[in-house]
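Listing of protein.cif, mmCIF, C-alpha atoms and all ligand atoms
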```cif
data_upload
#
loop_
_atom_site.label_atom_id
_atom_site.label_comp_id
_atom_site.auth_asym_id
_atom_site.auth_seq_id
_atom_site.Cartn_x
_atom_site.Cartn_y
_atom_site.Cartn_z
CA MET D 1 226.00 140.05 145.28
CA VAL D 2 222.35 140.74 144.53
CA LYS D 3 221.25 139.30 141.20
CA LEU D 4 219.21 141.56 138.91
CA VAL D 5 216.48 140.34 136.59
CA SER D 6 215.92 142.95 133.90
CA GLY D 7 212.48 144.07 132.77
CA ASP D 8 212.89 142.83 129.20
CA LYS D 9 212.57 139.21 130.34
CA VAL D 10 208.84 138.76 130.65
CA ILE D 11 206.05 136.23 130.41
CA TYR D 12 202.35 136.75 129.65
CA LYS D 13 201.19 133.38 130.92
CA PHE D 14 201.97 131.39 134.04
CA LYS D 15 202.39 127.88 132.63
CA PRO D 16 203.18 124.57 134.35
CA SER D 17 206.35 124.41 132.24
CA MET D 18 208.40 127.58 131.59
CA GLU D 19 212.02 128.32 130.78
CA ALA D 20 213.77 130.15 133.61
CA VAL D 21 215.79 133.32 132.91
CA GLU D 22 217.65 133.30 136.25
CA THR D 23 218.46 130.84 139.03
CA ILE D 24 218.75 131.69 142.72
CA SER D 25 218.99 129.80 146.01
CA PRO D 26 216.99 130.06 149.25
CA GLY D 27 218.53 132.84 151.34
CA ASP D 28 219.38 134.93 148.28
CA VAL D 29 218.22 138.49 147.74
CA ILE D 30 217.14 139.37 144.21
CA LYS D 31 216.26 142.65 142.51
CA VAL D 32 213.56 142.50 139.83
CA GLU D 33 212.75 145.26 137.35
CA THR D 34 209.01 145.32 136.71
CA ASN D 35 207.06 146.95 133.88
CA ASP D 36 203.73 148.66 134.27
CA CYS D 37 200.69 146.65 133.14
CA PHE D 38 200.75 148.39 129.73
CA TYR D 39 204.48 147.71 129.24
CA GLN D 40 204.98 151.49 129.31
CA GLN D 41 203.01 151.90 126.08
CA ILE D 42 200.93 154.73 127.57
CA THR D 43 202.85 157.95 128.03
CA SER D 44 200.23 160.64 127.40
CA GLU D 45 196.56 161.31 128.17
CA GLU D 46 195.97 162.00 124.47
CA GLN D 47 196.82 158.46 123.41
CA VAL D 48 194.12 156.25 121.91
CA LEU D 49 193.75 153.23 124.19
CA ALA D 50 192.49 151.05 121.34
CA GLU D 51 195.79 151.58 119.51
CA ILE D 52 198.10 150.02 122.07
CA ASP D 53 199.32 146.46 121.60
CA TYR D 54 196.98 144.32 123.72
CA ASP D 55 199.33 141.35 123.43
CA ARG D 56 201.73 143.17 125.72
CA LEU D 57 199.49 143.73 128.73
CA ASN D 58 200.47 142.54 132.20
CA PRO D 59 204.07 141.46 131.54
CA ALA D 60 205.58 139.59 134.50
CA THR D 61 209.37 139.60 134.83
CA GLY D 62 210.89 136.12 135.11
CA PRO D 63 210.56 133.22 135.50
CA ILE D 64 213.13 132.79 138.26
CA TYR D 65 214.16 129.24 139.23
CA ILE D 66 214.64 128.62 142.96
CA GLU D 67 217.17 125.87 143.64
CA GLY D 68 215.79 123.01 145.68
CA ALA D 69 212.12 124.01 145.32
CA GLU D 70 209.92 120.97 144.68
CA PRO D 71 206.17 120.48 144.34
CA GLY D 72 204.65 120.46 147.83
CA ASP D 73 207.05 123.08 149.26
CA LEU D 74 206.14 126.58 150.38
CA LEU D 75 208.00 129.48 148.78
CA LYS D 76 208.61 132.42 151.12
CA LEU D 77 209.27 135.90 149.72
CA LYS D 78 210.11 138.74 152.03
CA ILE D 79 209.38 141.98 150.19
CA ILE D 80 212.30 144.22 151.14
CA SER D 81 211.43 147.21 148.96
CA ILE D 82 209.33 148.41 146.02
CA ASP D 83 210.81 151.51 144.38
CA VAL D 84 208.37 153.04 141.91
CA LYS D 85 209.18 155.56 139.17
CA SER D 86 208.00 159.18 139.34
CA LYS D 87 204.98 158.93 137.07
CA GLY D 88 202.14 156.42 136.61
CA VAL D 89 198.99 155.96 134.55
CA VAL D 90 195.36 155.09 135.26
CA ALA D 91 192.90 153.94 132.60
CA VAL D 92 189.10 154.11 132.56
CA VAL D 93 187.72 151.69 129.97
CA PRO D 94 184.10 151.12 128.86
CA ASN D 95 182.65 147.91 130.33
CA GLU D 96 185.62 147.45 132.65
CA GLY D 97 185.82 148.03 136.39
CA ALA D 98 183.15 147.81 139.09
CA LEU D 99 181.02 150.46 137.30
CA GLY D 100 181.93 149.55 133.73
CA ASP D 101 178.35 150.00 132.52
CA GLN D 102 178.52 153.71 133.46
CA VAL D 103 181.71 154.39 131.49
CA THR D 104 180.87 156.27 128.29
CA LYS D 105 184.39 156.86 126.97
CA PRO D 106 187.94 155.65 127.54
CA VAL D 107 190.04 158.04 129.65
CA ILE D 108 193.75 158.02 130.50
CA ARG D 109 195.18 159.93 133.44
CA VAL D 110 198.91 160.40 133.83
CA ILE D 111 199.69 161.09 137.49
CA GLU D 112 202.98 162.41 138.86
CA ILE D 113 204.48 161.43 142.16
CA GLU D 114 206.01 164.25 144.21
CA ASP D 115 207.67 163.66 147.59
CA GLY D 116 205.96 160.33 148.05
CA GLN D 117 202.51 161.63 147.13
CA ALA D 118 200.46 160.99 144.01
CA VAL D 119 198.97 164.34 143.01
CA PHE D 120 195.56 164.41 141.28
CA HIS D 121 193.39 167.56 140.99
CA GLY D 122 195.76 169.14 143.49
CA ILE D 123 194.99 166.50 146.09
CA LYS D 124 197.91 164.56 147.51
CA MET D 125 197.52 160.82 148.09
CA PRO D 126 200.35 159.15 150.01
CA ILE D 127 201.76 156.38 147.82
CA LYS D 128 201.52 152.78 149.04
CA PRO D 129 203.53 150.76 146.50
CA MET D 130 202.29 147.20 145.95
CA ILE D 131 202.83 144.32 143.54
CA GLY D 132 199.77 143.50 141.38
CA VAL D 133 200.97 140.39 139.56
CA ILE D 134 203.19 137.84 141.31
CA GLY D 135 203.08 134.09 141.05
CA VAL D 136 204.69 130.74 140.35
CA ALA D 137 204.18 127.97 137.80
CA PRO D 138 200.71 126.40 138.27
CA ALA D 139 200.02 122.73 138.93
CA ASP D 140 199.69 120.51 135.84
CA GLU D 141 195.98 120.02 136.58
CA ASP D 142 195.41 123.81 136.78
CA GLY D 143 196.94 124.42 133.34
CA GLU D 144 197.97 127.79 131.89
CA TRP D 145 196.88 131.14 133.33
CA PRO D 146 197.26 134.45 131.47
CA THR D 147 199.00 137.01 133.71
CA ASP D 148 195.79 139.08 133.95
CA SER D 149 194.09 136.42 136.09
CA PRO D 150 194.61 135.38 139.71
CA TRP D 151 194.36 131.77 140.93
CA LYS D 152 196.07 129.29 143.25
CA HIS D 153 199.47 130.03 141.69
CA GLY D 154 199.07 133.75 142.53
CA GLY D 155 199.02 135.91 139.38
CA ASN D 156 196.98 139.13 139.21
CA MET D 157 195.91 139.17 142.85
CA ASP D 158 196.00 143.00 143.03
CA THR D 159 196.21 142.88 146.81
CA THR D 160 197.26 146.07 148.59
CA ASP D 161 198.99 144.13 151.37
CA ILE D 162 201.55 142.72 148.90
CA LYS D 163 203.82 145.61 149.87
CA ALA D 164 207.25 146.27 151.34
CA GLY D 165 207.59 144.75 154.79
CA SER D 166 205.12 141.95 154.02
CA THR D 167 206.11 138.32 153.50
CA LEU D 168 204.32 136.43 150.76
CA TYR D 169 203.99 132.63 150.62
CA PHE D 170 203.19 130.45 147.59
CA PRO D 171 202.52 126.73 147.30
CA VAL D 172 205.21 125.35 144.97
CA ARG D 173 203.66 123.21 142.22
CA GLN D 174 206.59 122.73 139.83
CA LYS D 175 210.32 122.10 140.22
CA GLY D 176 212.15 125.39 140.80
CA ALA D 177 208.85 127.18 141.62
CA LEU D 178 209.40 129.56 138.61
CA LEU D 179 208.59 132.94 140.09
CA ALA D 180 207.54 135.96 138.00
CA LEU D 181 206.21 139.40 138.91
CA GLY D 182 205.07 142.72 137.48
CA ASP D 183 202.22 145.24 137.47
CA CYS D 184 203.21 147.35 140.47
CA HIS D 185 200.88 150.11 141.61
CA ALA D 186 202.08 153.27 143.35
CA VAL D 187 198.73 153.45 145.11
CA MET D 188 195.37 151.64 144.90
CA GLY D 189 192.27 151.30 147.04
CA ASP D 190 190.87 147.89 147.95
CA GLY D 191 188.71 146.70 145.06
CA GLU D 192 190.59 148.58 142.31
CA VAL D 193 187.19 149.92 141.27
CA CYS D 194 187.98 151.80 138.03
CA PHE D 195 189.92 148.80 136.58
CA THR D 196 193.50 149.94 137.22
CA GLY D 197 195.62 151.20 140.08
CA LEU D 198 198.29 153.87 139.57
CA GLU D 199 200.17 151.64 137.10
CA ILE D 200 203.92 152.18 137.29
CA PRO D 201 207.28 150.54 136.55
CA ALA D 202 209.27 149.58 139.66
CA GLU D 203 212.29 147.84 141.12
CA VAL D 204 211.38 145.16 143.61
CA VAL D 205 213.85 143.62 146.06
CA LEU D 206 212.93 140.22 147.49
CA GLU D 207 214.56 137.82 149.92
CA VAL D 208 213.76 134.25 148.96
CA GLY D 209 213.16 131.38 151.37
CA LEU D 210 211.83 127.85 151.13
CA LEU D 211 209.86 125.69 153.58
CA LYS D 212 210.01 122.03 152.61
CA GLY D 213 206.72 120.13 152.38
CA LYS D 214 204.55 123.00 153.65
CA ALA D 215 202.39 123.86 150.64
CA THR D 216 199.05 125.55 151.32
CA LYS D 217 196.05 125.54 148.96
CA TRP D 218 196.21 129.29 148.22
CA PRO D 219 198.94 131.94 148.57
CA PHE D 220 198.99 133.97 151.78
CA VAL D 221 200.62 137.19 152.89
CA GLU D 222 201.90 138.07 156.33
CA THR D 223 201.84 141.68 157.52
CA ASP D 224 202.84 143.10 160.92
CA GLU D 225 199.50 142.15 162.45
CA HIS D 226 197.81 139.61 160.17
CA ILE D 227 198.11 136.42 158.16
CA MET D 228 195.91 136.86 155.09
CA ILE D 229 194.71 133.94 152.98
CA ILE D 230 194.33 135.20 149.40
CA ALA D 231 191.70 133.32 147.37
CA SER D 232 190.03 134.01 144.04
CA GLY D 233 186.77 132.94 142.41
CA ASN D 234 184.30 133.66 139.64
CA ASN D 235 182.44 136.03 141.97
CA LEU D 236 182.79 137.48 145.47
CA GLU D 237 180.73 134.68 147.01
CA GLU D 238 183.15 132.02 145.74
CA ALA D 239 186.22 134.04 146.79
CA VAL D 240 184.74 134.69 150.26
CA TYR D 241 183.93 130.98 150.68
CA GLU D 242 187.42 129.83 149.71
CA SER D 243 189.36 132.40 151.77
CA ALA D 244 187.12 131.92 154.83
CA SER D 245 187.27 128.09 154.54
CA GLN D 246 191.05 128.13 154.50
CA ALA D 247 191.26 130.66 157.36
CA VAL D 248 189.03 128.42 159.52
CA LYS D 249 191.04 125.34 158.54
CA HIS D 250 194.35 127.01 159.49
CA ILE D 251 192.94 128.22 162.82
CA GLN D 252 191.60 124.73 163.54
CA ASP D 253 194.85 122.97 162.61
CA SER D 254 197.10 125.50 164.37
CA LEU D 255 195.19 125.44 167.66
CA GLY D 256 194.13 121.80 167.53
CA ILE D 257 190.50 122.69 168.27
CA GLY D 258 187.19 121.58 166.77
CA TRP D 259 185.98 123.05 163.49
CA GLU D 260 183.06 124.87 165.13
CA ASP D 261 185.35 126.65 167.59
CA ALA D 262 187.70 127.66 164.78
CA TYR D 263 184.62 128.99 162.96
CA VAL D 264 183.76 131.03 166.07
CA PHE D 265 187.33 132.45 166.18
CA ALA D 266 186.95 133.40 162.53
CA SER D 267 183.67 135.15 163.16
CA LEU D 268 185.07 137.13 166.09
CA SER D 269 188.44 138.10 164.68
CA VAL D 270 188.96 137.47 160.95
CA ASP D 271 188.38 140.37 158.54
CA LEU D 272 187.28 139.49 155.02
CA LYS D 273 188.70 142.14 152.70
CA ILE D 274 188.10 142.69 149.03
CA SER D 275 191.39 142.71 147.10
CA GLN D 276 189.98 143.33 143.64
CA VAL D 277 186.69 143.01 141.73
CA VAL D 278 187.92 143.90 138.22
CA ASP D 279 190.10 141.01 136.96
CA PRO D 280 188.88 137.85 135.13
CA LYS D 281 188.48 136.31 138.60
CA VAL D 282 187.89 138.37 141.74
CA THR D 283 190.04 138.16 144.87
CA VAL D 284 189.28 138.26 148.60
CA ARG D 285 191.66 137.91 151.52
CA ALA D 286 190.76 136.57 154.94
CA ALA D 287 192.93 138.37 157.52
CA ILE D 288 193.63 136.31 160.65
CA PRO D 289 195.08 138.39 163.52
CA LYS D 290 198.45 137.10 164.70
CA TYR D 291 197.15 137.12 168.28
CA VAL D 292 194.91 134.20 167.26
CA ILE D 293 197.57 132.15 165.45
CA SER D 294 201.19 132.91 164.60
CA THR D 295 202.76 132.24 161.21
CA GLN D 296 204.96 129.67 162.95
CA GLN D 297 201.88 127.82 164.28
CA LEU D 298 200.24 127.90 160.85
CA ILE D 299 203.35 126.53 159.13
CA GLU D 300 204.01 123.86 161.77
CA SER D 301 200.42 122.60 161.46
CA ILE D 302 200.65 122.04 157.68
CA CA X 1 196.62 144.15 138.11
ZN ZN X 2 197.96 146.96 137.56
#
```

Would you mind writing the file out in structure tokens?
Amino acid sequence: MVKLVSGDKVIYKFKPSMEAVETISPGDVIKVETNDCFYQQITSEEQVLAEIDYDRLNPATGPIYIEGAEPGDLLKLKIISIDVKSKGVVAVVPNEGALGDQVTKPVIRVIEIEDGQAVFHGIKMPIKPMIGVIGVAPADEDGEWPTDSPWKHGGNMDTTDIKAGSTLYFPVRQKGALLALGDCHAVMGDGEVCFTGLEIPAEVVLEVGLLKGKATKWPFVETDEHIMIIASGNNLEEAVYESASQAVKHIQDSLGIGWEDAYVFASLSVDLKISQVVDPKVTVRAAIPKYVISTQQLIESI
């Protein structure tokens, strides 16, 4: 039987110590109800953004305790499905987003989804549902992280490749891992330039796995063709440096070659992609093609 975690059980901070609301075991499939990043407080374009409760932004459903997970393990989450509701919201906010200085007034757009397409000004955009916030309890030395920020524990990574069919991996830093997620987007472009995606409640189905003693420094996501190291920093330069460093390290370790040759592989085949530039820290992913190293090689070399 698939366990369900309801959307009223939420956290607003990923903390080293948190009380779990559900317990599952590796191999289990779990269904998680997620709220939109405004906790569904925005229902109309006429609403005044300043009047919503800002203490209820970015709720993440959980935490979920994974039996047997210990610090130093690698948590594996196969994203089976992300079912989004039929309507989402986008917000434009002064001084937020990549062009925040050009925003003169707050604007809300409520966008309907019809037959798998988000319709705006009559133009149909195919939806590509993704999870914005997903993470585990941080290491003691990393301390508490509000759910609006990404870091080594995951969090608000706003990465379009965290989608159905992908497999997401997290370094476990606390007993039970303590997984939580929320902030799904029906569709979003890389960068999330205006500050939000198409923010929408969803039901996410995950299959949970555990790899003992295989923790990486940052989370990574596996798609059909790539292994993407997801790193965050205070600016793009820092995020690029971290994601590229780890990609080169994993290529070097997996292939057993010198650092310079791994660096060459990275230059010839790894794509650096912007995940988002609008959260308290920005996020970049370094996408290693699976023809260079396989996930199995990466994991075995840890
Ligand atoms: Ca987000
Ligand atoms: Zn969002």

Checklist entry - Of the candidates D:Gly135, D:Pro16, D:Pro126, D:Gly182, which one gets nearest to ligand CA 1 (chain X) if we count all atoms listed in the file? => result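 Counting all atoms listed in the file, the residue closest to ligand CA 1 (chain X) is D:Gly182.
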
Checklist entry - Looking at D:Val292, D:Leu236, D:Ala50, D:Ala91, which one is nearest to ligand CA 1 (chain X), with distances taken over all atoms listed in the file? => result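 Nearest candidate to ligand CA 1 (chain X) out of D:Val292, D:Leu236, D:Ala50, D:Ala91: D:Ala91.
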
Next on the checklist: For Asn235 in chain D, find every residue with an atom within 8 Å (counting all atoms listed in the file), except residues of its own chain fewer than 4 positions away, and show them as a PyMOL selection string.
Outcome noted: chain D and resi 239+281-282

Item to check | Pairwise distance for CA of Gly97 in chain D and CA of Asp53 in chain D, rounded to one decimal in Å | outcome: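 Distance reported for this atom pair: 20.1 Å.
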
Checklist entry - So how many Å separate CA of Lys175 in chain D and CA of Ile251 in chain D, to one decimal? => result 29.2 Å

Next on the checklist: Which residues are near ligand ZN 2 (chain X) in this structure, taking near to mean any atom at most 12 Å from a ligand atom and counting only C-alpha atoms and all ligand atoms? Format them as a ChimeraX atom specification.
Outcome noted: /D:34-40,57-60,88-91,129-134,147-149,155-160,181-189,191-202,276,278-279

Checklist entry - With only C-alpha atoms and all ligand atoms as the atoms that count, which of D:Asp28, D:Asp83, D:Asp8, D:Asp190 lies nearest to ligand CA 1 (chain X)? => result D:Asp190

Item to check | Coordinates-based distance that separates CA of Tyr263 in chain D from CA of Ala139 in chain D (Å, one decimal) | outcome: 29.2 Å

Checklist entry - For ligand CA 1 (chain X), which residue among D:Pro138, D:Pro289, D:Gly154, D:Pro63 is the nearest when counting all atoms listed in the file? => result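 Answer, going by the shortest atom-to-atom distance: D:Gly154.
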
Checklist entry - Hey, can you pull every residue with an atom no more than 6 Å from (193.1, 139.5, 155.9), using all atoms listed in the file, and send it as a VMD selection string? => result chain D and resid 228 271 to 272 285 to 288

Can you spit out the residues from that selection as a PDB file, in the coordinates of the input, using C-alpha atoms?
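What ended up in again-v2.pdb:
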```pdb
ATOM      1  CA  MET D 228     195.910 136.860 155.090  1.00  0.00           C
ATOM      2  CA  ASP D 271     188.380 140.370 158.540  1.00  0.00           C
ATOM      3  CA  LEU D 272     187.280 139.490 155.020  1.00  0.00           C
ATOM      4  CA  ARG D 285     191.660 137.910 151.520  1.00  0.00           C
ATOM      5  CA  ALA D 286     190.760 136.570 154.940  1.00  0.00           C
ATOM      6  CA  ALA D 287     192.930 138.370 157.520  1.00  0.00           C
ATOM      7  CA  ILE D 288     193.630 136.310 160.650  1.00  0.00           C
TER       8      ILE D 288
END
```

Next on the checklist: Using all atoms listed in the file, can you tell me which of D:Ala177, D:Ile111, D:Leu74, D:Leu206 comes closest to Ser86 in chain D?
Outcome noted: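 Checking each of D:Ala177, D:Ile111, D:Leu74, D:Leu206 against Ser86 in chain D, counting all atoms listed in the file, the winner is D:Ile111.
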
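Distances here use only C-alpha atoms and all ligand atoms; by that measure, the residue among D:Gly27, D:Gly62, D:Gly72, D:Pro146 closest to ligand CA 1 (chain X) is D:Pro146.
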
Next on the checklist: Which residues are close to Ile108 in chain D, i.e. within 9 Å by only C-alpha atoms, leaving aside same-chain residues fewer than 5 positions away? Reply as a ChimeraX atom specification.
Outcome noted: /D:42,44-49,89-93

Next on the checklist: List the spatial neighbours of Tyr291 in chain D as a PyMOL selection string - criterion: any atom at most 12 Å away, only C-alpha atoms, same-chain residues fewer than 3 positions off excluded.
Outcome noted: chain D and resi 224-227+251+255+265+269-270+287-288+294-295+297

Checklist entry - What lies within 12 Å of Gly122 in chain D using only C-alpha atoms, ignoring chain neighbours under 5 positions off, as number ranges by chain? => result D: 111-114, 117

Next on the checklist: Show me, as a list of chain:residue names, the residues that have an atom within 12 Å of Glu141 in chain D when counting all atoms listed in the file, minus same-chain residues fewer than 4 positions from it.
Outcome noted: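 The residues satisfying every condition are D:Lys15, D:Pro16, D:Ala137, D:Trp145, D:Lys152, D:His153, D:Arg173, D:Gln174.
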